[in-house]
$ cat input.cif   # mmCIF, C-alpha atoms
data_data
#
loop_
_atom_site.label_atom_id
_atom_site.label_comp_id
_atom_site.auth_asym_id
_atom_site.auth_seq_id
_atom_site.Cartn_x
_atom_site.Cartn_y
_atom_site.Cartn_z
CA MET A 1 96.89 136.96 52.64
CA LYS A 2 95.51 133.50 52.01
CA ILE A 3 95.18 131.90 55.46
CA LEU A 4 94.17 128.39 56.51
CA VAL A 5 92.77 127.78 60.00
CA ILE A 6 92.35 124.09 60.79
CA SER A 7 90.84 121.98 63.59
CA PRO A 8 90.29 118.20 63.97
CA VAL A 9 86.53 118.39 64.54
CA TYR A 10 83.66 120.85 64.77
CA SER A 11 81.74 120.62 68.01
CA LEU A 12 80.64 123.00 70.73
CA ALA A 13 83.95 122.59 72.52
CA GLY A 14 86.87 124.88 73.29
CA VAL A 15 89.29 124.14 70.45
CA PRO A 16 86.91 124.18 67.43
CA LEU A 17 85.11 127.27 68.72
CA ALA A 18 88.42 129.03 69.37
CA GLN A 19 89.54 128.24 65.81
CA LEU A 20 86.24 129.59 64.50
CA ARG A 21 86.74 132.86 66.41
CA LEU A 22 90.29 133.13 65.06
CA ALA A 23 89.08 132.58 61.49
CA LYS A 24 86.28 135.14 61.88
CA SER A 25 88.68 137.75 63.22
CA LEU A 26 91.14 137.17 60.37
CA VAL A 27 88.29 137.68 57.87
CA LYS A 28 87.31 140.86 59.70
CA PHE A 29 90.86 142.15 59.27
CA GLY A 30 90.68 141.64 55.49
CA HIS A 31 92.29 138.24 54.86
CA ASP A 32 91.13 135.43 52.56
CA VAL A 33 90.42 132.65 55.04
CA ASP A 34 89.55 128.96 54.75
CA LEU A 35 88.47 127.11 57.90
CA ILE A 36 88.91 123.33 57.69
CA TYR A 37 87.41 120.82 60.11
CA GLY A 38 88.13 117.10 59.93
CA CYS A 39 84.49 116.28 60.63
CA LYS A 40 81.29 117.64 62.13
CA LYS A 41 79.99 116.39 65.48
CA TYR A 42 77.40 119.13 65.94
CA LYS A 43 74.92 119.89 63.16
CA LYS A 44 74.44 123.61 63.66
CA ILE A 45 77.32 125.87 62.72
CA GLU A 46 77.53 129.63 62.57
CA ARG A 47 77.90 130.82 59.01
CA VAL A 48 80.18 133.81 58.55
CA LYS A 49 80.27 136.12 55.56
CA ASN A 50 83.45 135.68 53.47
CA LEU A 51 84.61 132.70 55.55
CA ASN A 52 84.89 129.47 53.56
CA ILE A 53 84.21 126.50 55.86
CA ILE A 54 85.34 123.09 54.59
CA PHE A 55 84.63 119.65 56.09
CA PHE A 56 86.87 116.75 55.12
CA ASN A 57 84.42 114.23 56.63
CA LYS A 58 87.28 112.33 58.24
CA PHE A 59 86.63 111.09 61.77
CA ARG A 60 90.28 110.33 62.49
CA VAL A 61 93.01 112.94 62.19
CA ILE A 62 95.25 110.61 60.15
CA GLY A 63 92.49 110.58 57.51
CA MET A 64 92.96 114.32 57.02
CA LEU A 65 96.49 113.85 55.61
CA LEU A 66 95.73 113.17 51.93
CA PRO A 67 92.96 115.78 51.47
CA LEU A 68 95.16 118.29 53.27
CA ILE A 69 98.08 117.56 50.92
CA ARG A 70 95.74 118.16 47.95
CA TYR A 71 94.46 121.36 49.53
CA LEU A 72 97.98 122.72 50.11
CA ILE A 73 99.07 121.90 46.54
CA PHE A 74 96.12 123.63 44.88
CA GLU A 75 95.22 126.44 47.32
CA LYS A 76 98.76 127.46 48.41
CA PRO A 77 97.96 129.31 51.65
CA ASP A 78 100.48 131.85 52.92
CA VAL A 79 99.85 131.04 56.59
CA ILE A 80 98.46 128.03 58.48
CA PHE A 81 97.06 128.10 62.01
CA SER A 82 96.70 124.58 63.44
CA ALA A 83 95.57 123.45 66.91
CA GLU A 84 96.13 120.29 68.98
CA ASP A 85 99.30 118.22 68.95
CA HIS A 86 98.02 115.26 66.93
CA LEU A 87 96.69 117.51 64.14
CA ASN A 88 99.83 119.69 64.28
CA SER A 89 101.90 116.64 63.33
CA ILE A 90 99.62 115.89 60.37
CA VAL A 91 99.72 119.52 59.22
CA ILE A 92 103.52 119.55 59.33
CA LEU A 93 103.74 116.23 57.47
CA ALA A 94 101.29 117.45 54.80
CA SER A 95 103.24 120.70 54.36
CA VAL A 96 106.50 118.78 53.85
CA LEU A 97 104.97 116.29 51.39
CA SER A 98 103.23 119.05 49.42
CA PHE A 99 106.33 121.30 49.42
CA SER A 100 104.20 124.06 50.94
CA LYS A 101 105.99 127.33 51.65
CA ALA A 102 103.33 128.49 54.12
CA LYS A 103 104.33 129.93 57.46
CA ILE A 104 102.94 127.58 60.10
CA SER A 105 101.77 128.38 63.62
CA VAL A 106 100.90 125.30 65.68
CA SER A 107 99.12 125.57 69.00
CA SER A 108 98.93 123.18 71.94
CA ARG A 109 95.60 123.45 73.75
CA VAL A 110 95.79 120.57 76.24
CA THR A 111 98.35 120.19 79.00
CA PRO A 112 101.15 117.73 78.07
CA ILE A 113 100.39 115.89 81.31
CA ASP A 114 97.31 114.62 79.50
CA THR A 115 98.53 114.54 75.88
CA TYR A 116 101.66 112.51 76.62
CA ARG A 117 100.43 110.54 79.64
CA ASN A 118 101.11 107.16 77.94
CA SER A 119 104.32 108.18 76.21
CA ASN A 120 106.30 105.40 77.90
CA ILE A 121 104.09 102.72 76.33
CA ILE A 122 105.40 101.77 72.87
CA PHE A 123 103.00 102.56 70.00
CA SER A 124 100.51 104.33 72.29
CA LYS A 125 99.12 107.66 71.08
CA GLY A 126 101.32 109.55 73.56
CA TRP A 127 104.41 107.62 72.44
CA VAL A 128 103.76 108.33 68.75
CA LEU A 129 103.12 112.04 69.39
CA LYS A 130 106.32 112.29 71.44
CA LYS A 131 108.29 110.81 68.53
CA LEU A 132 106.67 113.26 66.11
CA PHE A 133 107.22 116.33 68.29
CA PRO A 134 110.80 116.99 67.04
CA ILE A 135 109.49 117.06 63.46
CA VAL A 136 106.82 119.60 64.40
CA HIS A 137 109.46 121.58 66.24
CA TRP A 138 111.68 121.68 63.13
CA ARG A 139 109.13 122.76 60.47
CA SER A 140 106.78 125.08 62.38
CA ASN A 141 107.56 128.79 62.37
CA VAL A 142 105.84 129.39 65.69
CA MET A 143 104.74 127.00 68.43
CA THR A 144 102.24 128.38 70.91
CA CYS A 145 100.57 127.34 74.14
CA VAL A 146 97.43 128.92 75.57
CA SER A 147 98.87 129.38 79.05
CA LYS A 148 102.25 130.08 80.65
CA ASP A 149 102.02 127.01 82.89
CA MET A 150 101.68 124.80 79.81
CA ILE A 151 104.97 126.14 78.49
CA LYS A 152 106.70 125.16 81.73
CA GLN A 153 105.29 121.66 81.43
CA TYR A 154 106.41 121.31 77.81
CA LYS A 155 109.92 122.40 78.75
CA LYS A 156 110.01 119.61 81.34
CA LYS A 157 108.85 117.10 78.72
CA PHE A 158 110.98 118.48 75.84
CA SER A 159 114.05 120.43 76.90
CA TYR A 160 114.38 122.02 73.43
CA SER A 161 110.75 123.24 73.33
CA LYS A 162 110.35 126.71 71.77
CA GLN A 163 106.73 127.49 72.69
CA ILE A 164 105.45 130.97 73.41
CA ASP A 165 102.17 131.82 75.11
CA ILE A 166 99.36 133.30 73.03
CA TYR A 167 95.81 133.29 74.38
CA ASN A 168 92.70 132.33 72.44
CA ILE A 169 90.42 135.06 71.13
CA ILE A 170 87.45 135.58 73.44
CA LYS A 171 86.60 139.27 73.34
CA THR A 172 85.03 140.24 70.00
CA SER A 173 82.47 142.84 68.97
CA ASP A 174 79.86 140.21 68.05
CA ALA A 175 80.31 138.48 71.43
CA TYR A 176 78.68 141.47 73.11
CA ILE A 177 75.76 141.23 70.69
CA LYS A 178 75.35 137.49 71.34
CA MET A 179 75.36 137.78 75.11
CA LYS A 180 72.39 140.14 75.03
CA GLU A 181 70.21 137.95 72.83
CA LYS A 182 66.88 136.94 74.34
CA ILE A 183 66.87 133.80 76.45
CA ASN A 184 63.67 131.78 76.76
CA ASN A 185 64.63 129.19 79.37
CA THR A 186 62.54 129.79 82.51
CA LEU A 187 65.43 128.74 84.78
CA PHE A 188 67.18 132.00 83.93
CA LYS A 189 64.18 134.22 84.65
CA GLN A 190 63.96 133.59 88.39
CA LYS A 191 65.64 136.79 89.43
CA LYS A 192 65.18 136.09 93.15
CA THR A 193 67.28 132.93 92.91
CA PRO A 194 71.01 133.26 92.15
CA ILE A 195 71.99 131.25 89.09
CA ILE A 196 75.19 129.22 89.20
CA VAL A 197 76.22 128.05 85.74
CA ALA A 198 78.80 125.58 84.45
CA SER A 199 79.51 124.45 80.92
CA GLY A 200 81.60 121.88 79.09
CA LYS A 201 81.81 118.30 77.94
CA LEU A 202 80.23 115.94 80.46
CA ALA A 203 83.43 113.99 81.01
CA LYS A 204 85.19 112.86 84.19
CA TRP A 205 88.06 115.32 83.82
CA LYS A 206 85.58 118.21 83.96
CA GLY A 207 84.72 117.37 87.57
CA PHE A 208 80.96 117.99 87.34
CA ASP A 209 80.46 115.19 89.88
CA ASP A 210 82.38 117.32 92.42
CA LEU A 211 80.23 120.31 91.48
CA ILE A 212 77.02 118.37 92.13
CA ARG A 213 78.41 117.24 95.50
CA ALA A 214 79.24 120.87 96.25
CA ALA A 215 75.63 121.77 95.35
CA TYR A 216 74.46 119.21 97.90
CA LEU A 217 76.55 120.96 100.57
CA LEU A 218 74.98 124.28 99.58
CA LYS A 219 71.55 122.72 99.96
CA ILE A 220 72.40 121.43 103.46
CA LYS A 221 73.46 124.96 104.43
CA LYS A 222 70.13 126.25 103.06
CA ILE A 223 71.77 128.47 100.43
CA ASN A 224 69.32 129.83 97.87
CA PHE A 225 70.59 128.83 94.40
CA LYS A 226 69.95 127.11 91.08
CA LEU A 227 72.79 125.24 89.38
CA VAL A 228 72.61 124.83 85.60
CA ILE A 229 75.15 122.61 83.85
CA ILE A 230 75.24 123.00 80.06
CA GLY A 231 76.83 120.24 78.02
CA GLY A 232 76.67 116.73 76.66
CA GLY A 233 78.83 113.66 76.98
CA GLU A 234 79.35 110.18 78.33
CA GLU A 235 78.97 111.18 81.99
CA LYS A 236 75.45 112.56 81.65
CA LYS A 237 73.75 109.44 83.04
CA ASN A 238 76.10 109.27 86.03
CA LEU A 239 75.58 112.95 86.78
CA ASN A 240 71.80 112.59 86.62
CA ASN A 241 72.07 109.65 89.02
CA LEU A 242 74.02 111.87 91.44
CA ILE A 243 71.30 114.51 91.22
CA ILE A 244 68.73 111.86 92.16
CA LYS A 245 70.95 110.42 94.90
CA TYR A 246 71.32 113.79 96.62
CA ASN A 247 67.70 114.80 95.98
CA LEU A 248 68.78 117.88 94.02
CA ALA A 249 66.15 117.90 91.27
CA ASN A 250 64.83 121.28 92.48
CA HIS A 251 68.31 122.77 92.56
CA VAL A 252 70.33 121.26 89.69
CA SER A 253 69.52 120.97 85.97
CA ILE A 254 71.54 119.67 83.02
CA LEU A 255 70.85 121.31 79.65
CA ASN A 256 71.97 120.12 76.24
CA PRO A 257 74.81 122.01 74.46
CA VAL A 258 73.80 125.34 72.92
CA LEU A 259 75.21 127.31 70.00
CA ASN A 260 75.17 130.63 71.87
CA ILE A 261 76.45 129.96 75.38
CA LEU A 262 77.13 133.66 76.04
CA LYS A 263 73.50 134.63 76.63
CA TYR A 264 73.27 131.96 79.33
CA PHE A 265 76.37 133.30 81.04
CA TYR A 266 75.04 136.86 80.76
CA ASN A 267 71.90 135.83 82.64
CA SER A 268 73.82 134.00 85.39
CA ASP A 269 75.52 135.19 88.57
CA ILE A 270 78.30 132.71 89.28
CA PHE A 271 80.30 130.54 86.89
CA VAL A 272 82.01 127.44 88.28
CA LEU A 273 84.87 125.57 86.63
CA SER A 274 85.25 122.26 88.48
CA SER A 275 87.86 120.72 86.15
CA ARG A 276 90.65 118.37 87.16
CA VAL A 277 92.79 119.44 84.19
CA GLU A 278 92.55 122.16 81.51
CA GLY A 279 94.63 123.96 78.89
CA MET A 280 93.18 127.44 79.14
CA PRO A 281 89.42 127.27 79.88
CA ASN A 282 87.77 129.51 77.28
CA VAL A 283 84.37 129.21 78.97
CA MET A 284 85.78 130.71 82.14
CA ILE A 285 86.95 133.82 80.26
CA GLU A 286 83.64 134.02 78.36
CA ALA A 287 81.68 133.87 81.61
CA MET A 288 83.91 136.51 83.15
CA MET A 289 83.32 138.73 80.10
CA CYS A 290 79.56 138.27 80.58
CA GLY A 291 79.75 139.55 84.17
CA CYS A 292 79.82 136.26 86.10
CA THR A 293 81.93 135.99 89.23
CA ILE A 294 84.28 133.02 88.76
CA VAL A 295 84.84 130.07 91.07
CA SER A 296 87.42 127.64 89.72
CA THR A 297 89.53 124.71 90.78
CA ASN A 298 93.25 125.39 90.82
CA CYS A 299 93.79 122.71 88.19
CA PRO A 300 96.64 122.56 85.68
CA THR A 301 96.66 124.74 83.62
CA GLY A 302 95.21 128.23 83.22
CA PRO A 303 92.86 129.17 86.09
CA SER A 304 95.49 130.42 88.55
CA GLU A 305 97.15 132.41 85.75
CA ILE A 306 93.89 134.28 85.19
CA ILE A 307 92.45 134.52 88.68
CA GLY A 308 95.71 135.11 90.55
CA LYS A 309 95.50 134.98 94.34
CA ASN A 310 91.70 135.34 94.34
CA LYS A 311 92.02 138.77 92.70
CA TYR A 312 89.69 138.09 89.76
CA GLY A 313 87.80 135.09 91.14
CA TYR A 314 87.96 132.35 93.76
CA LEU A 315 90.35 129.41 93.48
CA SER A 316 89.45 126.05 95.01
CA LYS A 317 91.27 122.80 95.63
CA VAL A 318 90.91 120.12 92.95
CA ASN A 319 88.71 117.11 93.81
CA ASN A 320 87.36 118.93 96.87
CA PRO A 321 83.57 119.59 96.82
CA LYS A 322 83.71 121.09 100.32
CA ASP A 323 86.24 123.75 99.31
CA LEU A 324 84.31 124.37 96.09
CA SER A 325 81.09 124.97 98.04
CA LYS A 326 82.85 127.37 100.43
CA ASN A 327 84.12 129.46 97.54
CA ILE A 328 80.73 129.47 95.83
CA ILE A 329 79.28 130.95 99.03
CA LYS A 330 82.07 133.57 99.06
CA ALA A 331 81.29 134.43 95.43
CA LEU A 332 77.56 134.76 96.16
CA LYS A 333 78.32 137.16 99.01
CA ASN A 334 81.13 139.10 97.33
CA ARG A 335 80.69 139.51 93.58
CA ILE A 336 83.70 140.72 91.58
CA PRO A 337 82.78 143.71 89.37
CA LEU A 338 83.21 143.62 85.60
CA LYS A 339 85.20 146.86 85.79
CA LYS A 340 87.90 144.94 87.61
CA THR A 341 87.91 141.76 85.50
CA ASN A 342 88.16 143.80 82.29
CA GLU A 343 91.89 144.05 83.09
CA ILE A 344 92.13 140.34 82.27
CA ILE A 345 89.49 140.14 79.53
CA ASN A 346 91.29 142.72 77.36
CA LYS A 347 94.21 140.29 76.99
CA PHE A 348 91.84 138.00 75.06
CA SER A 349 90.71 140.61 72.51
CA GLU A 350 90.98 139.78 68.80
CA GLU A 351 93.22 142.79 68.19
CA GLU A 352 95.72 141.77 70.87
CA VAL A 353 95.80 138.07 69.99
CA ILE A 354 96.21 138.50 66.21
CA LYS A 355 98.79 141.24 66.71
CA LYS A 356 100.83 138.80 68.82
CA HIS A 357 100.43 135.95 66.32
CA PHE A 358 101.59 138.09 63.41
CA PHE A 359 104.48 139.58 65.37
CA HIS A 360 105.94 136.13 66.06
CA LEU A 361 105.26 134.99 62.48
CA LYS A 362 107.08 138.12 61.31
CA ILE A 363 104.04 139.26 59.35
CA LYS A 364 102.78 142.81 59.17
CA SER A 365 99.20 142.83 60.48
CA ASN A 366 96.36 144.85 58.94
CA LYS A 367 95.53 145.94 62.47
#

$ encode --input "input.cif" --output "structure tokens"
Amino acid sequence: MKILVISPVYSLAGVPLAQLRLAKSLVKFGHDVDLIYGCKKYKKIERVKNLNIIFFNKFRVIGMLLPLIRYLIFEKPDVIFSAEDHLNSIVILASVLSFSKAKISVSSRVTPIDTYRNSNIIFSKGWVLKKLFPIVHWRSNVMTCVSKDMIKQYKKKFSYSKQIDIYNIIKTSDAYIKMKEKINNTLFKQKKTPIIVASGKLAKWKGFDDLIRAAYLLKIKKINFKLVIIGGGEEKKNLNNLIIKYNLANHVSILNPVLNILKYFYNSDIFVLSSRVEGMPNVMIEAMMCGCTIVSTNCPTGPSEIIGKNKYGYLSKVNNPKDLSKNIIKALKNRIPLKKTNEIINKFSEEEVIKKHFFHLKIKSNK
């Protein structure tokens, strides 16, 4: 089949990387796949054999409408996989205006608590998206969320919501090759010191300030550790100031975003997700797949669905550095074996995820 996978932007963030993994897996299973990004915010991109990557060079999603209409008229894809509510609306509008007959699967990746937080303010982004939601609901063949808790939240916001839960692809054959690539950073070669790793956009909602405060509490308790935060963003200066404030330069480092995050996870011991809100944190699953023991806040949505009642990791209170530090200590003392967490990781395999997508689209899969 001719399949279009589309994302608003290419960066080293959850949604664009998840769309890239989906596109790669569809190519692997024998489909003709185009991957469209609105724009590029990170220069390096993994090139994949037989995957056609297209950049519209539009820095606002609304700017993608006209080139997408042209694409749909001339390329005539059989199936479209779109992600994020604002782009989903544009994809649906473009499909209607181009008279596209493609089956459309739209995915919500961010909790509606965040997406529609300003929906009561006229002409705000949340208000506009809320008005467009019924249109998306009407034209899409399948509407998905990346966690079960997100579905519950959408049903509260839209009583007629028809979402189903389908996870992102995390477990792939090339992921296991990537995680074992050589790593040159000296921080990850100090085998006597446990490595705690965290990764994501350096934004307030990621809670890295709480993680640094938790690191300070570990230092006070004379816990042997190194914390490495990998990411870039507007909070970097504030986070560096916290490191200075708590005299943590010998314990905490912030590294720039990397193309292959898996090899860093593979060479770490503990992964911490300190977020205040999520959709389904891909990095948490990736770190689990690489053998890290997980410590996560019990934020909406995703972590509790994966970890359960501390079965596959350690859940902490949101906005609570003290509780986070306690669970990091528990994780350092009681690692959770990969043999156990594989029960969860297998739900994120490319075979399982694509099989579920095609089942709900009423398409016979090649696998």

$ resolve_selection --input "input.cif" --expression "the PyMOL selection byres ((chain A and resi 114-117) around 10)" --output "list in words"
Glu84, Asp85, His86, Ser108, Arg109, Val110, Thr111, Pro112, Ile113, Asn118, Ser119, Asn120, Ile121, Ser124, Lys125, Gly126, Trp127, Val128, Leu129, Lys130, Lys157, Val277, Glu278 and Gly279 of chain A

$ resolve_selection --input "input.cif" --expression "the PyMOL selection byres ((chain A and resi 316-327) around 6)" --output "ChimeraX atom specification"
/A:210,213-214,296-298,315,328-330

$ write_last_selection --input "input.cif" --atoms "C-alpha atoms" --output "mmCIF file, keeping the file's coordinate frame"
data_model
loop_
_atom_site.group_PDB
_atom_site.id
_atom_site.type_symbol
_atom_site.label_atom_id
_atom_site.label_comp_id
_atom_site.auth_asym_id
_atom_site.auth_seq_id
_atom_site.Cartn_x
_atom_site.Cartn_y
_atom_site.Cartn_z
ATOM 1 C CA ASP A 210 82.380 117.320 92.420
ATOM 2 C CA ARG A 213 78.410 117.240 95.500
ATOM 3 C CA ALA A 214 79.240 120.870 96.250
ATOM 4 C CA SER A 296 87.420 127.640 89.720
ATOM 5 C CA THR A 297 89.530 124.710 90.780
ATOM 6 C CA ASN A 298 93.250 125.390 90.820
ATOM 7 C CA LEU A 315 90.350 129.410 93.480
ATOM 8 C CA ILE A 328 80.730 129.470 95.830
ATOM 9 C CA ILE A 329 79.280 130.950 99.030
ATOM 10 C CA LYS A 330 82.070 133.570 99.060
#

$ atom_distance --input "input.cif" --atom1 "atom CA of A:Tyr42" --atom2 "atom CA of A:Lys178"
19.2 Å

$ closest_residue --input "input.cif" --among "A:Gly232, A:Ser349, A:Leu68, A:Lys226" --to "A:Phe208" --atoms "all atoms listed in the file"
A:Gly232

$ residues_around --input "input.cif" --residues "A:Glu286" --least-positions-apart "6" --cutoff "9 Å" --atoms "all atoms listed in the file" --output "PDB file with C-alpha atoms, keeping the file's coordinate frame"
ATOM      1  CA  ILE A 170      87.450 135.580  73.440  1.00  0.00           C
ATOM      2  CA  LYS A 171      86.600 139.270  73.340  1.00  0.00           C
ATOM      3  CA  ALA A 175      80.310 138.480  71.430  1.00  0.00           C
ATOM      4  CA  ILE A 261      76.450 129.960  75.380  1.00  0.00           C
ATOM      5  CA  LEU A 262      77.130 133.660  76.040  1.00  0.00           C
ATOM      6  CA  PHE A 265      76.370 133.300  81.040  1.00  0.00           C
ATOM      7  CA  CYS A 292      79.820 136.260  86.100  1.00  0.00           C
ATOM      8  CA  ILE A 345      89.490 140.140  79.530  1.00  0.00           C
TER       9      ILE A 345
END

$ build_atoms --input "input.cif" --residues "stretch 112-137 of chain A" --atoms "N, CA and C atoms" --output "mmCIF file, in the coordinates of the input"
data_model
loop_
_atom_site.group_PDB
_atom_site.id
_atom_site.type_symbol
_atom_site.label_atom_id
_atom_site.label_comp_id
_atom_site.auth_asym_id
_atom_site.auth_seq_id
_atom_site.Cartn_x
_atom_site.Cartn_y
_atom_site.Cartn_z
ATOM 1 N N PRO A 112 100.407 118.937 78.450
ATOM 2 C CA PRO A 112 101.150 117.730 78.070
ATOM 3 C C PRO A 112 101.039 116.605 79.085
ATOM 4 N N ILE A 113 100.644 116.928 80.306
ATOM 5 C CA ILE A 113 100.390 115.890 81.310
ATOM 6 C C ILE A 113 99.351 114.909 80.787
ATOM 7 N N ASP A 114 98.369 115.451 80.067
ATOM 8 C CA ASP A 114 97.310 114.620 79.500
ATOM 9 C C ASP A 114 97.697 114.071 78.124
ATOM 10 N N THR A 115 98.208 114.945 77.250
ATOM 11 C CA THR A 115 98.530 114.540 75.880
ATOM 12 C C THR A 115 99.554 113.414 75.820
ATOM 13 N N TYR A 116 100.560 113.480 76.680
ATOM 14 C CA TYR A 116 101.660 112.510 76.620
ATOM 15 C C TYR A 116 101.669 111.560 77.830
ATOM 16 N N ARG A 117 100.498 111.341 78.405
ATOM 17 C CA ARG A 117 100.430 110.540 79.640
ATOM 18 C C ARG A 117 100.861 109.083 79.423
ATOM 19 N N ASN A 118 100.712 108.548 78.212
ATOM 20 C CA ASN A 118 101.110 107.160 77.940
ATOM 21 C C ASN A 118 102.365 107.074 77.077
ATOM 22 N N SER A 119 103.189 108.107 77.128
ATOM 23 C CA SER A 119 104.320 108.180 76.210
ATOM 24 C C SER A 119 105.397 107.128 76.466
ATOM 25 N N ASN A 120 105.327 106.460 77.616
ATOM 26 C CA ASN A 120 106.300 105.400 77.900
ATOM 27 C C ASN A 120 105.864 104.037 77.368
ATOM 28 N N ILE A 121 104.621 103.973 76.870
ATOM 29 C CA ILE A 121 104.090 102.720 76.330
ATOM 30 C C ILE A 121 104.280 102.725 74.803
ATOM 31 N N ILE A 122 105.076 101.808 74.301
ATOM 32 C CA ILE A 122 105.400 101.770 72.870
ATOM 33 C C ILE A 122 104.148 101.659 72.004
ATOM 34 N N PHE A 123 104.082 102.502 70.990
ATOM 35 C CA PHE A 123 103.000 102.560 70.000
ATOM 36 C C PHE A 123 101.675 103.126 70.557
ATOM 37 N N SER A 124 101.693 103.618 71.784
ATOM 38 C CA SER A 124 100.510 104.330 72.290
ATOM 39 C C SER A 124 100.436 105.690 71.609
ATOM 40 N N LYS A 125 99.288 106.348 71.706
ATOM 41 C CA LYS A 125 99.120 107.660 71.080
ATOM 42 C C LYS A 125 100.154 108.652 71.628
ATOM 43 N N GLY A 126 100.347 108.650 72.952
ATOM 44 C CA GLY A 126 101.320 109.550 73.560
ATOM 45 C C GLY A 126 102.736 109.285 73.083
ATOM 46 N N TRP A 127 103.071 108.004 72.904
ATOM 47 C CA TRP A 127 104.410 107.620 72.440
ATOM 48 C C TRP A 127 104.640 108.110 71.014
ATOM 49 N N VAL A 128 103.649 107.906 70.150
ATOM 50 C CA VAL A 128 103.760 108.330 68.750
ATOM 51 C C VAL A 128 103.907 109.855 68.667
ATOM 52 N N LEU A 129 103.067 110.580 69.422
ATOM 53 C CA LEU A 129 103.120 112.040 69.390
ATOM 54 C C LEU A 129 104.473 112.554 69.899
ATOM 55 N N LYS A 130 105.019 111.876 70.903
ATOM 56 C CA LYS A 130 106.320 112.290 71.440
ATOM 57 C C LYS A 130 107.407 112.112 70.388
ATOM 58 N N LYS A 131 107.314 111.038 69.596
ATOM 59 C CA LYS A 131 108.290 110.810 68.530
ATOM 60 C C LYS A 131 108.154 111.844 67.412
ATOM 61 N N LEU A 132 106.923 112.299 67.182
ATOM 62 C CA LEU A 132 106.670 113.260 66.110
ATOM 63 C C LEU A 132 107.003 114.696 66.509
ATOM 64 N N PHE A 133 107.046 114.962 67.811
ATOM 65 C CA PHE A 133 107.220 116.330 68.290
ATOM 66 C C PHE A 133 108.468 117.018 67.714
ATOM 67 N N PRO A 134 109.628 116.323 67.620
ATOM 68 C CA PRO A 134 110.800 116.990 67.040
ATOM 69 C C PRO A 134 110.590 117.449 65.600
ATOM 70 N N ILE A 135 109.778 116.684 64.848
ATOM 71 C CA ILE A 135 109.490 117.060 63.460
ATOM 72 C C ILE A 135 108.659 118.340 63.428
ATOM 73 N N VAL A 136 107.660 118.395 64.299
ATOM 74 C CA VAL A 136 106.820 119.600 64.400
ATOM 75 C C VAL A 136 107.677 120.788 64.806
ATOM 76 N N HIS A 137 108.566 120.538 65.742
ATOM 77 C CA HIS A 137 109.460 121.580 66.240
ATOM 78 C C HIS A 137 110.329 122.142 65.114
#
